[in-house]
$ cat upload.cif   # mmCIF, C-alpha atoms
data_protein
#
loop_
_atom_site.label_atom_id
_atom_site.label_comp_id
_atom_site.auth_asym_id
_atom_site.auth_seq_id
_atom_site.Cartn_x
_atom_site.Cartn_y
_atom_site.Cartn_z
CA MET A 193 36.72 110.71 86.41
CA THR A 194 39.90 109.06 87.66
CA LYS A 195 42.90 110.94 89.03
CA ASN A 196 44.75 110.38 85.74
CA ASP A 197 41.81 111.59 83.66
CA ASP A 198 41.62 114.71 85.83
CA LEU A 199 45.36 115.44 85.38
CA LEU A 200 45.16 114.83 81.64
CA SER A 201 42.17 117.15 81.37
CA ARG A 202 44.13 119.86 83.25
CA LEU A 203 47.18 119.43 81.02
CA LEU A 204 45.18 119.66 77.78
CA ALA A 205 43.37 122.75 79.07
CA LEU A 206 46.71 124.35 80.02
CA ALA A 207 48.14 123.67 76.55
CA ILE A 208 45.12 125.37 74.95
CA GLU A 209 45.04 128.26 77.44
CA ARG A 210 48.77 129.04 77.06
CA GLU A 211 48.67 128.58 73.27
CA ALA A 212 51.38 125.92 73.37
CA SER A 213 52.31 124.13 70.16
CA ASP A 214 53.08 120.86 71.97
CA LEU A 215 52.63 119.02 75.29
CA HIS A 216 55.33 116.52 76.34
CA LEU A 217 54.74 113.71 78.83
CA ASN A 218 57.96 111.87 79.68
CA PRO A 219 58.99 109.90 82.78
CA GLY A 220 61.62 111.67 84.85
CA ARG A 221 60.37 115.22 84.10
CA PRO A 222 57.26 117.22 84.95
CA PRO A 223 54.95 117.78 81.95
CA LEU A 224 56.42 120.28 79.46
CA LEU A 225 54.80 122.75 77.07
CA ARG A 226 56.47 124.14 73.96
CA ILE A 227 55.54 127.83 73.85
CA GLY A 228 56.96 130.10 71.16
CA GLY A 229 59.49 127.41 70.27
CA GLU A 230 60.80 127.07 73.87
CA LEU A 231 60.21 124.11 76.20
CA VAL A 232 58.58 125.31 79.44
CA GLU A 233 58.41 123.03 82.49
CA LEU A 234 55.06 123.12 84.30
CA ASP A 235 54.96 123.58 88.07
CA LEU A 236 53.78 120.02 88.64
CA PRO A 237 55.34 116.88 90.17
CA VAL A 238 57.84 114.86 88.17
CA LEU A 239 56.12 112.05 86.26
CA ASP A 240 57.40 108.68 87.40
CA GLU A 241 57.31 105.62 85.15
CA ALA A 242 53.90 104.48 86.40
CA ALA A 243 52.25 107.91 86.14
CA SER A 244 53.55 108.51 82.62
CA GLY A 245 52.39 105.04 81.54
CA GLU A 246 48.91 105.58 83.00
CA LEU A 247 48.55 108.96 81.25
CA CYS A 248 49.61 107.39 77.96
CA ARG A 249 47.14 104.53 78.45
CA SER A 250 44.29 106.96 79.12
CA LEU A 251 45.03 108.78 75.84
CA CYS A 252 44.60 105.60 73.77
CA SER A 253 41.70 103.47 72.66
CA GLU A 254 42.09 99.69 72.98
CA ALA A 255 43.27 99.41 69.36
CA GLN A 256 45.75 102.28 69.74
CA TRP A 257 47.20 100.82 72.95
CA GLU A 258 47.58 97.45 71.22
CA GLU A 259 49.48 99.22 68.42
CA VAL A 260 51.85 100.77 70.99
CA GLY A 261 52.41 97.29 72.40
CA SER A 262 53.03 95.66 69.01
CA VAL A 263 55.01 98.31 67.08
CA GLY A 264 56.07 100.73 69.82
CA THR A 265 54.15 103.81 68.63
CA SER A 266 50.62 104.95 67.84
CA ASP A 267 49.74 108.25 66.11
CA PHE A 268 46.18 109.53 66.14
CA GLY A 269 43.96 112.59 66.41
CA LEU A 270 42.30 113.50 69.72
CA PRO A 271 39.29 115.87 69.90
CA HIS A 272 38.90 118.14 72.93
CA GLU A 273 35.63 119.37 74.46
CA THR A 274 36.58 122.98 73.55
CA GLY A 275 36.51 122.07 69.85
CA ASN A 276 40.31 121.96 69.67
CA ARG A 277 42.13 118.89 68.37
CA PHE A 278 45.48 117.34 69.22
CA ARG A 279 47.75 115.18 67.07
CA VAL A 280 48.99 112.55 69.51
CA SER A 281 52.03 110.29 69.33
CA VAL A 282 52.21 107.72 72.15
CA LEU A 283 55.50 105.83 72.20
CA ARG A 284 57.59 103.35 74.11
CA GLN A 285 61.18 104.38 74.93
CA ARG A 286 63.64 102.42 77.07
CA GLY A 287 60.71 100.19 78.00
CA ARG A 288 58.70 103.14 79.40
CA TYR A 289 55.82 105.12 77.94
CA ALA A 290 55.86 108.75 76.78
CA ALA A 291 53.63 110.96 74.64
CA VAL A 292 53.82 114.15 72.59
CA LEU A 293 50.61 116.01 71.79
CA ARG A 294 50.61 118.68 69.06
CA LEU A 295 47.84 121.27 69.42
CA ILE A 296 46.14 121.83 66.08
CA PRO A 297 44.82 125.39 65.74
CA THR A 298 41.03 125.49 65.50
CA ARG A 299 41.05 128.20 62.86
CA LEU A 300 42.56 127.67 59.45
CA LEU A 301 45.03 130.46 58.75
CA SER A 302 44.80 132.26 55.41
CA LEU A 303 47.67 132.33 52.93
CA ASP A 304 48.17 136.02 53.78
CA GLU A 305 48.40 135.34 57.52
CA ILE A 306 51.03 132.66 56.95
CA GLY A 307 52.92 134.89 54.53
CA VAL A 308 52.84 132.46 51.59
CA PRO A 309 54.49 134.22 48.61
CA ASP A 310 52.26 135.33 45.72
CA SER A 311 54.20 133.14 43.27
CA VAL A 312 53.00 130.05 45.21
CA ARG A 313 49.40 131.24 45.24
CA GLY A 314 49.52 131.34 41.45
CA LEU A 315 50.01 127.56 41.37
CA LEU A 316 46.80 126.67 43.17
CA ASP A 317 44.53 126.75 40.13
CA ARG A 318 46.87 124.75 37.89
CA PRO A 319 45.25 121.61 36.44
CA ARG A 320 48.15 119.22 37.10
CA GLY A 321 51.61 118.91 38.61
CA LEU A 322 53.43 118.29 41.89
CA VAL A 323 53.88 120.96 44.56
CA LEU A 324 56.16 119.95 47.43
CA VAL A 325 56.05 121.75 50.78
CA THR A 326 59.17 120.89 52.74
CA GLY A 327 60.93 121.75 55.97
CA PRO A 328 61.98 120.30 59.31
CA THR A 329 59.47 118.91 61.81
CA GLY A 330 57.46 121.72 63.39
CA SER A 331 58.07 124.20 60.56
CA GLY A 332 54.37 124.65 59.78
CA LYS A 333 54.13 122.48 56.63
CA THR A 334 50.74 121.05 57.64
CA THR A 335 49.33 124.53 58.35
CA THR A 336 50.55 125.81 54.97
CA LEU A 337 49.06 122.82 53.12
CA ALA A 338 45.76 123.24 54.97
CA ALA A 339 45.64 126.91 53.93
CA MET A 340 46.28 125.93 50.30
CA VAL A 341 43.51 123.31 50.39
CA ASP A 342 41.17 125.84 52.02
CA TRP A 343 41.86 128.42 49.30
CA ILE A 344 41.16 125.90 46.52
CA ASN A 345 38.04 124.69 48.36
CA ALA A 346 36.72 128.26 48.71
CA ASN A 347 37.54 129.53 45.22
CA LEU A 348 37.38 126.61 42.78
CA ASP A 349 34.94 123.79 42.01
CA ARG A 350 37.35 120.93 42.65
CA HIS A 351 37.15 117.49 44.25
CA ILE A 352 39.98 117.51 46.79
CA VAL A 353 41.14 114.21 48.31
CA THR A 354 43.44 114.39 51.33
CA VAL A 355 45.38 111.44 52.77
CA GLU A 356 46.65 112.13 56.30
CA ASP A 357 48.15 110.31 59.27
CA PRO A 358 46.26 111.45 61.29
CA ILE A 359 43.74 114.02 59.95
CA GLU A 360 44.61 117.34 61.56
CA TYR A 361 42.45 120.14 60.10
CA TYR A 362 38.84 119.38 59.21
CA HIS A 363 37.63 120.94 55.93
CA GLU A 364 33.95 121.65 55.31
CA HIS A 365 32.57 121.47 51.76
CA ARG A 366 32.57 124.94 50.23
CA ARG A 367 32.70 125.63 46.51
CA GLY A 368 34.68 122.42 46.24
CA VAL A 369 34.11 118.96 47.70
CA VAL A 370 36.65 117.62 50.22
CA THR A 371 37.19 113.91 50.95
CA GLN A 372 39.55 113.32 53.89
CA ARG A 373 40.96 109.84 54.50
CA GLU A 374 42.93 108.87 57.60
CA VAL A 375 45.67 106.26 57.28
CA GLY A 376 45.08 103.44 59.73
CA SER A 377 41.34 103.94 60.15
CA ASP A 378 39.93 104.77 56.68
CA VAL A 379 42.65 103.16 54.57
CA PRO A 380 45.66 100.97 55.43
CA ASP A 381 48.52 103.07 53.99
CA PHE A 382 49.45 106.04 51.76
CA PRO A 383 50.14 104.13 48.49
CA GLU A 384 46.82 102.26 48.75
CA ALA A 385 44.96 105.51 49.47
CA ILE A 386 46.50 107.26 46.45
CA ARG A 387 45.79 104.35 44.10
CA ARG A 388 42.16 104.24 45.26
CA ALA A 389 41.84 108.03 45.04
CA LEU A 390 42.73 107.95 41.34
CA ARG A 391 39.41 106.10 40.80
CA GLN A 392 37.42 108.64 42.84
CA ASP A 393 37.38 111.49 40.28
CA PRO A 394 39.89 113.73 42.12
CA ASP A 395 41.09 117.08 40.81
CA VAL A 396 43.44 117.80 43.71
CA MET A 397 45.26 115.38 46.04
CA MET A 398 46.99 116.34 49.27
CA LEU A 399 49.35 113.78 50.83
CA GLY A 400 50.22 114.41 54.46
CA GLU A 401 53.63 112.81 54.02
CA MET A 402 55.66 111.24 51.20
CA ARG A 403 57.60 108.93 53.45
CA ASP A 404 58.63 105.99 51.24
CA LEU A 405 59.53 104.99 47.69
CA GLU A 406 56.08 103.60 46.85
CA THR A 407 54.25 106.75 48.00
CA ILE A 408 56.67 109.02 46.08
CA ALA A 409 56.31 106.92 42.91
CA VAL A 410 52.50 106.91 43.02
CA ALA A 411 52.43 110.67 43.74
CA ILE A 412 54.62 111.41 40.69
CA THR A 413 52.38 109.22 38.53
CA ALA A 414 49.26 111.02 39.81
CA ALA A 415 50.83 114.40 38.97
CA GLU A 416 51.73 113.18 35.47
CA THR A 417 48.24 111.83 34.75
CA GLY A 418 46.36 115.10 35.16
CA HIS A 419 46.06 115.82 38.89
CA LEU A 420 47.35 118.64 41.07
CA VAL A 421 49.23 116.88 43.89
CA PHE A 422 50.53 118.45 47.10
CA GLY A 423 52.94 116.56 49.32
CA THR A 424 55.43 117.10 52.13
CA LEU A 425 58.98 115.96 52.77
CA HIS A 426 61.21 116.51 55.81
CA THR A 427 63.92 118.23 53.81
CA THR A 428 65.28 121.78 53.76
CA GLY A 429 65.99 123.50 50.46
CA SER A 430 64.91 122.73 46.91
CA ALA A 431 68.10 120.96 45.81
CA ARG A 432 68.06 118.63 48.82
CA THR A 433 64.39 117.88 48.19
CA VAL A 434 65.00 116.86 44.58
CA ASP A 435 68.02 114.77 45.65
CA ARG A 436 65.99 113.09 48.40
CA ILE A 437 63.32 111.98 45.91
CA ILE A 438 65.83 110.73 43.34
CA ASP A 439 67.91 108.91 45.98
CA ALA A 440 64.81 107.01 47.14
CA PHE A 441 64.84 105.08 43.85
CA PRO A 442 67.23 102.29 42.82
CA ALA A 443 70.24 103.48 40.79
CA GLY A 444 68.89 101.94 37.58
CA GLN A 445 65.69 104.05 37.76
CA GLN A 446 67.21 107.39 38.75
CA ALA A 447 67.79 108.75 35.23
CA GLN A 448 64.12 108.09 34.39
CA ILE A 449 62.93 109.69 37.64
CA ARG A 450 65.00 112.82 36.92
CA VAL A 451 63.17 113.17 33.60
CA GLN A 452 59.78 112.59 35.26
CA LEU A 453 60.49 115.14 37.99
CA SER A 454 61.63 117.76 35.49
CA VAL A 455 58.20 117.47 33.85
CA SER A 456 55.91 116.90 36.86
CA ILE A 457 57.20 119.26 39.59
CA LEU A 458 55.59 122.71 39.57
CA ALA A 459 57.36 124.04 42.65
CA VAL A 460 59.26 123.20 45.81
CA VAL A 461 58.32 125.43 48.74
CA SER A 462 60.73 125.09 51.69
CA GLN A 463 59.86 126.77 54.95
CA VAL A 464 61.26 127.31 58.41
CA LEU A 465 59.45 128.72 61.45
CA LEU A 466 61.46 131.23 63.47
CA PRO A 467 60.86 132.97 66.82
CA ARG A 468 60.22 136.69 66.42
CA ALA A 469 62.78 139.09 67.85
CA SER A 470 59.97 140.60 69.95
CA GLY A 471 59.46 137.24 71.70
CA GLU A 472 55.81 137.21 70.59
CA GLY A 473 55.00 134.28 68.33
CA ARG A 474 56.83 133.00 65.29
CA VAL A 475 57.23 133.91 61.62
CA ALA A 476 57.63 131.69 58.57
CA ALA A 477 60.46 132.17 56.08
CA PHE A 478 60.22 130.58 52.63
CA GLU A 479 62.36 129.40 49.74
CA VAL A 480 60.45 129.00 46.48
CA MET A 481 61.75 127.07 43.46
CA LEU A 482 59.49 127.25 40.42
CA MET A 483 60.06 124.83 37.56
CA THR A 484 61.63 126.63 34.60
CA PRO A 485 63.38 125.22 31.53
CA ALA A 486 66.72 126.05 33.18
CA ILE A 487 65.93 124.19 36.43
CA ALA A 488 64.33 121.28 34.55
CA ASN A 489 67.59 120.96 32.61
CA LEU A 490 69.64 120.96 35.85
CA ILE A 491 67.47 118.14 37.27
CA ARG A 492 67.74 116.05 34.08
CA LYS A 493 71.54 116.52 33.96
CA ASN A 494 71.94 115.68 37.68
CA GLU A 495 73.30 119.15 38.45
CA THR A 496 71.04 119.93 41.41
CA ASN A 497 73.97 121.66 43.15
CA LYS A 498 73.38 124.58 40.76
CA ILE A 499 69.68 125.01 41.68
CA ALA A 500 70.40 127.52 44.47
CA SER A 501 72.24 129.89 42.14
CA SER A 502 69.47 129.53 39.54
CA ILE A 503 66.92 130.56 42.20
CA GLN A 504 69.11 133.59 43.04
CA THR A 505 69.11 134.79 39.43
CA SER A 506 65.37 134.18 38.88
CA ARG A 507 63.76 136.48 41.45
CA ARG A 508 61.92 138.32 38.67
CA LEU A 509 60.07 135.04 37.96
CA GLY A 510 58.81 134.79 41.54
CA MET A 511 61.54 132.59 42.98
CA ILE A 512 62.79 133.27 46.49
CA GLY A 513 66.03 132.18 48.14
CA LEU A 514 65.68 131.26 51.82
CA ASP A 515 68.80 133.19 52.78
CA ASP A 516 67.51 136.27 50.92
CA GLN A 517 64.30 136.16 52.92
CA LEU A 518 66.20 135.63 56.16
CA PHE A 519 68.36 138.66 55.28
CA ASP A 520 65.22 140.77 54.74
CA LEU A 521 63.68 139.58 58.04
CA VAL A 522 66.81 140.60 59.98
CA LYS A 523 66.95 144.00 58.26
CA LYS A 524 63.30 144.62 59.20
CA GLY A 525 63.99 143.61 62.81
CA VAL A 526 61.53 140.69 62.65
CA VAL A 527 64.07 138.03 63.66
CA THR A 528 67.49 138.25 65.29
CA ARG A 529 70.73 137.92 63.39
CA GLU A 530 71.66 134.77 65.36
CA ILE A 531 68.38 132.99 64.60
CA ALA A 532 68.63 133.83 60.88
CA ILE A 533 72.22 132.59 60.57
CA GLY A 534 71.32 129.38 62.42
CA SER A 535 68.55 128.66 59.88
CA ALA A 536 70.43 129.67 56.72
CA VAL A 537 71.28 127.37 53.83
CA ASP A 538 74.75 129.02 53.74
CA PRO A 539 75.35 130.44 57.24
CA ARG A 540 78.80 131.90 56.46
CA GLU A 541 77.60 133.75 53.37
CA LEU A 542 74.57 135.18 55.21
CA GLU A 543 76.77 136.24 58.13
CA ALA A 544 79.08 138.07 55.72
CA ARG A 545 76.12 139.86 54.09
CA LEU A 546 74.78 140.93 57.47
#
$ encode --input "upload.cif" --output "structure tokens"
Amino acid sequence: MTKNDDLLSRLLALAIEREASDLHLNPGRPPLLRIGGELVELDLPVLDEAASGELCRSLCSEAQWEEVGSVGTSDFGLPHETGNRFRVSVLRQRGRYAAVLRLIPTRLLSLDEIGVPDSVRGLLDRPRGLVLVTGPTGSGKTTTLAAMVDWINANLDRHIVTVEDPIEYYHEHRRGVVTQREVGSDVPDFPEAIRRALRQDPDVMMLGEMRDLETIAVAITAAETGHLVFGTLHTTGSARTVDRIIDAFPAGQQAQIRVQLSVSILAVVSQVLLPRASGEGRVAAFEVMLMTPAIANLIRKNETNKIASSIQTSRRLGMIGLDDQLFDLVKKGVVTREIAIGSAVDPRELEARL
């Protein structure tokens, strides 16, 4: 084992031991761990340009290192001897090499442990439709999706096809059958994977990311043609999510897409991950928009700015406003007032309520 391999092994073990969510390797700083949402500098020497580059090289296979050289980034999964896995992003910045490694929990959390609302659980046995799980990077979208897939796999006889970049959680066959395809190694890209999956007798499809127009279009088509489709977007709030999808299409197609969305979307679940007031761990807060005739009409008429108020008046149907849940978390002492206001859809209104 070389000196670099030894250091890398130590760093990965430290990340696992200290239950960090991420490990950062960047020239000009010692290695950093993100623990409980905070960046913590390790008591190790500053990484110079050469040391950071060598660590990044040792993380990569030949093909992955070639990808860094040609496109500037390579994303992949990395197994660890403890049975843990990391999602790795090796990148070039200012001509130097850096890496961020996300520790993937070994145990799939249940829907109860995550705190997924009951109204969302009721969607998991639907035969068709589009369920979007949204939120900023690091908000736990992947963990929530994995828990949903696990519930379906355990309780229903379904063929579940996942398309991920990279695969994070491994799913064993249970009552269902799970086919997991990794973009870049099993299939070239998301649109190709979805098109192929439609010929593989799927009941449920889970897309790790809906990052471009073609992927979004194929996902909507899959939801319309009798499949339950789960996908993620880096948006916050239901209205912004719907706008983001519509804005991805050329102006001439947007009226048609609004009609398609009003029929195909089952729900938009937006989540944020907040540090607990106790300083121990984090808690998820959710906004849930369920498709109703009223919301479908707002989408068709391009009045998405009224979705938030429709959610507010539809709590009896299982809808949840993010700011309402943040308000409840502050009142229960789970999160601080400052954290809640900083994550609110309408910070001034929440501050006034509090």
$ residues_around --input "upload.cif" --residues "Ser377 of chain A" --least-positions-apart "2" --cutoff "10 Å" --atoms "all atoms listed in the file" --output "ChimeraX atom specification"
/A:268,357-358,373-375,379-381
$ resolve_selection --input "upload.cif" --expression "the PyMOL selection byres ((chain A and resi 207) around 10)" --output "PyMOL selection string"
chain A and resi 202-206+208-215+224-227+293-295
$ residues_near_point --input "upload.cif" --point "(45.3, 112.8, 68.4)" --cutoff "12 Å" --atoms "all atoms listed in the file" --output "ChimeraX atom specification"
/A:204,214-215,248,251-253,256,266-272,276-282,291-296,357-361,374
$ atom_distance --input "upload.cif" --atom1 "atom CA of Leu399 of chain A" --atom2 "atom CA of Met340 of chain A"
12.5 Å
$ closest_residue --input "upload.cif" --among "A:Asp393, A:Asp304, A:Glu246, A:Glu406" --to "Ala339 of chain A" --atoms "all atoms listed in the file"
A:Asp304
$ atom_distance --input "upload.cif" --atom1 "atom CA of Ala338 of chain A" --atom2 "atom CA of Glu230 of chain A"
24.5 Å
$ closest_residue --input "upload.cif" --among "A:Pro467, A:Pro223, A:Gly327, A:Gly418" --to "Leu514 of chain A" --atoms "all atoms listed in the file"
A:Gly327
$ resolve_selection --input "upload.cif" --expression "the PyMOL selection byres ((chain A and resi 320) around 7)" --output "VMD selection string"
chain A and resid 318 to 319 321 415 418 to 420
$ atom_distance --input "upload.cif" --atom1 "atom CA of Val341 of chain A" --atom2 "atom CA of Arg299 of chain A"
13.6 Å
$ resolve_selection --input "upload.cif" --expression "the PyMOL selection byres ((chain A and resi 492) around 7)" --output "JSON, numbers by chain"
{"A": [450, 451, 454, 488, 489, 490, 491, 493, 494]}
$ closest_residue --input "upload.cif" --among "A:Leu247, A:Met398, A:Val434, A:Leu200" --to "Asn218 of chain A" --atoms "only C-alpha atoms"
A:Leu247
$ residues_around --input "upload.cif" --residues "Asn345 of chain A" --least-positions-apart "5" --cutoff "10 Å" --atoms "all atoms listed in the file" --output "PyMOL selection string"
chain A and resi 339-340+350-352+363-370+396
$ closest_residue --input "upload.cif" --among "A:Ser501, A:Val461, A:Val238, A:Glu416" --to "Leu337 of chain A" --atoms "all atoms listed in the file"
A:Val461
$ closest_residue --input "upload.cif" --among "A:Thr329, A:Leu199, A:Glu259, A:Arg403" --to "Leu239 of chain A" --atoms "only C-alpha atoms"
A:Leu199
$ residues_around --input "upload.cif" --residues "Gly314 of chain A" --least-positions-apart "5" --cutoff "12 Å" --atoms "all atoms listed in the file" --output "ChimeraX atom specification"
/A:303,308-309,319,323,340,343-344,458-459,482,509-510
$ write_last_selection --input "upload.cif" --atoms "C-alpha atoms" --output "PDB file, keeping the file's coordinate frame"
ATOM      1  CA  LEU A 303      47.670 132.330  52.930  1.00  0.00           C
ATOM      2  CA  VAL A 308      52.840 132.460  51.590  1.00  0.00           C
ATOM      3  CA  PRO A 309      54.490 134.220  48.610  1.00  0.00           C
ATOM      4  CA  PRO A 319      45.250 121.610  36.440  1.00  0.00           C
ATOM      5  CA  VAL A 323      53.880 120.960  44.560  1.00  0.00           C
ATOM      6  CA  MET A 340      46.280 125.930  50.300  1.00  0.00           C
ATOM      7  CA  TRP A 343      41.860 128.420  49.300  1.00  0.00           C
ATOM      8  CA  ILE A 344      41.160 125.900  46.520  1.00  0.00           C
ATOM      9  CA  LEU A 458      55.590 122.710  39.570  1.00  0.00           C
ATOM     10  CA  ALA A 459      57.360 124.040  42.650  1.00  0.00           C
ATOM     11  CA  LEU A 482      59.490 127.250  40.420  1.00  0.00           C
ATOM     12  CA  LEU A 509      60.070 135.040  37.960  1.00  0.00           C
ATOM     13  CA  GLY A 510      58.810 134.790  41.540  1.00  0.00           C
TER      14      GLY A 510
END
